[in-house]
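**Q** Input: one structure, supplied below.
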Amino acid sequence: MSVSGASVRSVAKTRSIFTCSGCGQQLAQWAGRCPGCGAWGSVTEHRVERSGPAAGITSSVTPLGGGAGAKADTRVSTGIEGVDRVLGGGLVPATVALLAGEPGIGKSTLLLQLLASLESAGRRCLLASGEESREQVAMRADRLGLAADRLSFVAGRDLSEVLAAATDRRPFLLAVDSVQSLRDAASGLVVGGPAQVRACADALVGLAKANGTAVVMTGHVTKDGDVAGPRTLEHAVDVVMTFDGDPRSGLRMLSGGKNRFGPEGELVWFEMRSDGLAPIDPSDLLLSGDGHPGAATALPRAGRRALAVEVQALVVPGEGPARRQATGLDARRFQLVAAVLDRAAGLGLARTELFGASAGGVRVDDPACDLAVAAALASAATGVTAPEGTAFVGEVTLTGLVRPAPAMIQRLSAARAAGVRTVVAAPGSPGADGLRVSGVRTLAEAVDWALDQRIRGRGVRSA
C-alpha cells in the first residue's frame with residue numbers, strides 16, 4: 001500500500017516522565033528526593049504523548065524581509081526619557097521585558113508611572129497585579145497624582161485570567177506585577193517555584209508574539225542580586241532591566257542588561273519623591289564640589305555615557321593586620337592600586353588601614369578609574385588636596401604604567417559638563433575644547449603632578 005507524504009500520520013506513543021514540582025527538573029525514573037533542589041516527595045509522574053507529523057499539516061514559510069507585510073522598527077516612546085534610553089530608544093511592539101529589583105525598591109511605582117504615561121499618549125494598557133489589590137493600586141495612583149480612572153486592572157494571580165483579559169482587550173502594553181505571584185492552576189506546580197515561573201513566562205512570551213502586545217513583568221531578585229527563579233527566564237525575554245539603589249535614600253538606578261533591540265549597559269538615575277520617581281542628573285549627587293584631602297574625580301563609563309564621580313579614600317595608621325575595605329569600588333582593584341602606589345611613591349601604606357568609597361553609592365568598577373583611586377589614596381596619605389577642577393583617567397598596570405582609557409570623547413564631555421578644567425590621562429589622549437589634557441606615562445608622574453611634587457618620601461601623615 002502506498003500513501004502520499006501529505007497523508008502520513010504516525011502512531012501516537014505515550015511515555016512516562018517524572019518532574020519535580022519544585023524546580024521543574026525532569027528525571028528518567030521516580031525518586032523520593034529531587035537531585036536538583038533536594039526536595040522530598042516532589043517528584044510526580046506524567047504521561048505524555050509523542051506523535052509524528054499529522055496529516056494535512058502545512059508549514060507557513062515567509063520571506064524574512066522585503067515582502068508584503070514586513071514591518072519597520074517602529075519604537076513607541078514611553079514618555080519617560082530614562083526608560084526610553086534603557087530600552088534603546090523606546091518600546092518595540094511585542095517586546096517582553098523583565099524589570100528586576102529588590103522588594104520595596106520602587107518597581108511597582110515605576111511600572112504604574114509607565115502605564116499612566118502611555119495611557120495619556122493614547123496607548124491602551126492593562127495592569128495585572130498579584131502583589132496588590134485593585135483598591136491598593138488605586139490608592140497608590142492617587143498618591144502619585146495619576147489618573148487612576150484611565151488605567152485598566154485585572155487580578156494577576158491566575159494565568160488563564162490574565163491571558164483571557166489581554167486577548168480580549170488587546171492592549172498595547174500588558175504589565176504583570178509580578179511574575180513570581182502568577183500561577184497556572186492547571187499545572188499543579190508550586191506557586192513562585194522555578195518551574196511555575198518558567199511556565200508562566202513562556203505563556204506571556206507566546207501571548208506577546210502572537211498578538212503583538214508588549215509585556216513588561218516585574219521580578220524579584222535574590223540576596224546575591226540574581227533574578228529569582230530559573231535562569232531560563234532571562235533567556236526567554238527580550239529585555240532585562242534592573243532597578244536598584246539604597247532603600248534608605250531616594251536615589252534609584254535603572255540599568256539595562258540584555259537587550260535584543262538596542263545597546264546594553266545603559267544606566268539612568270531617578271529620585272524617589274512623595275509624588276513618585278523623577279529623573280535626575282546625578283552630577284550634583286556624585287561630586288561634593290569642595291576640595292579636601294582624600295578625594296579625586298574619576299570619569300567612569302556607565303553604559304554608553306560617562307559620569308564625573310568623586311572617589312574617596314581614608315588612610316589610617318594602625319597596628320596589626322591592616323584592613324582594606326572598599327564601598328562602591330572594586331575591592332580587588334582597590335588593593336591592587338594601593339600596592340602599586342605604595343611601591344611607586346613610597347608612601348608606607350603596607351601597615352596602614354585603607355578605606356575607599358564612591359560618592360552617592362554609585363558602583364564604580366571601570367578600570368579607567370584606577371588613576372583617580374591612586375590620587376585619592378595619595379592625597380589621603382599626605383594630607384595634600386588634589387588640584388581643584390581636575391579629573392583622573394587611566395588604568396594602572398602592575399608595573400606602574402598608566403594605560404589609555406577607551407571612549408575618551410564621552411569622558412571628556414562628562415568632565416566639561418561637571419566643570420572640570422584639567423584631565424590627567426595617558427599620553428596621546430585626545431583633547432577637547434575648554435579642557436587641558438595632561439599626559440602622564442607612569443603612576444609616579446601622575447602623583448607628582450597631582451600633589452605638586454610634595455609627596456615623594458613624605459610618608460603617611462601621623463594621626
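Residue numbering restarts at 1 in every chain; chains get A, B, ... in the order shown in the C-alpha cells, and ligands count up from 1 in that same order.
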Could you list, as an MDAnalysis selection string, every residue within 10 Å of region 266-276 of chain A, counting only C-alpha atoms and ignoring same-chain residues fewer than 2 positions away?
**A** chainID A and resid 81:83 85:88 105:106 109:110 112:113 140:146 241:245 247 249:257 262:264 278:282 301:306
**Q** As a PyMOL selection string, please: the residues near Val96 (chain A) (cut-off 9 Å, only C-alpha atoms, same-chain neighbours under 6 positions excluded).
**A** chain A and resi 204-205+208-209+213-217+236-240
**Q** Which residue gives the smallest distance to Ala425 (chain A) among A:Ala339, A:Ala350, A:Val315, A:Leu443, with only C-alpha atoms counted?
**A** A:Leu443
**Q** Need the shell around Arg170 (chain A): protein/DNA/RNA residues with any atom at most 8 Å away, counting only C-alpha atoms. Skip same-chain ones fewer than 3 positions apart. Format as a PDB file with C-alpha atoms, in the first residue's frame?
**A**
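Below is the file around_38.pdb, written as the result:
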ATOM      1  CA  ALA A 166      -5.197  40.510  27.452  1.00  0.00           C
ATOM      2  CA  THR A 167      -6.601  38.559  24.493  1.00  0.00           C
ATOM      3  CA  ASN A 211      -0.901  39.297  19.445  1.00  0.00           C
ATOM      4  CA  THR A 213       1.248  43.032  22.746  1.00  0.00           C
TER       5      THR A 213
END
**Q** Mind the document's chain letters and residue numbers, and return as a list in words the residues of region 172-263 of chain A that DSSP labels strand (DSSP E).
**A**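 In region 172-263 of chain A, DSSP puts these residues in strand (DSSP E): Leu173, Leu174, Ala175, Val176, Asp177, Ala214, Val215, Val216, Met217, Thr218, Gly219, His220, Val239, Val240, Met241, Thr242, Phe243, Asp244, Gly245, Leu251, Arg252, Met253, Leu254, Ser255, Gly256, Gly257, Lys258 and Asn259 of chain A.
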**Q** Got a sec: who's within 10 Å of Asp284 (chain A), counting only C-alpha atoms, leaving out chain neighbours fewer than 6 positions off, as number ranges by chain?
**A** A: 308-309, 360, 418
**Q** Pick from A:Leu307, A:Ala374, A:Val154, A:Val440: nearest to Gln410 (chain A), with only C-alpha atoms counted?
**A** A:Leu307
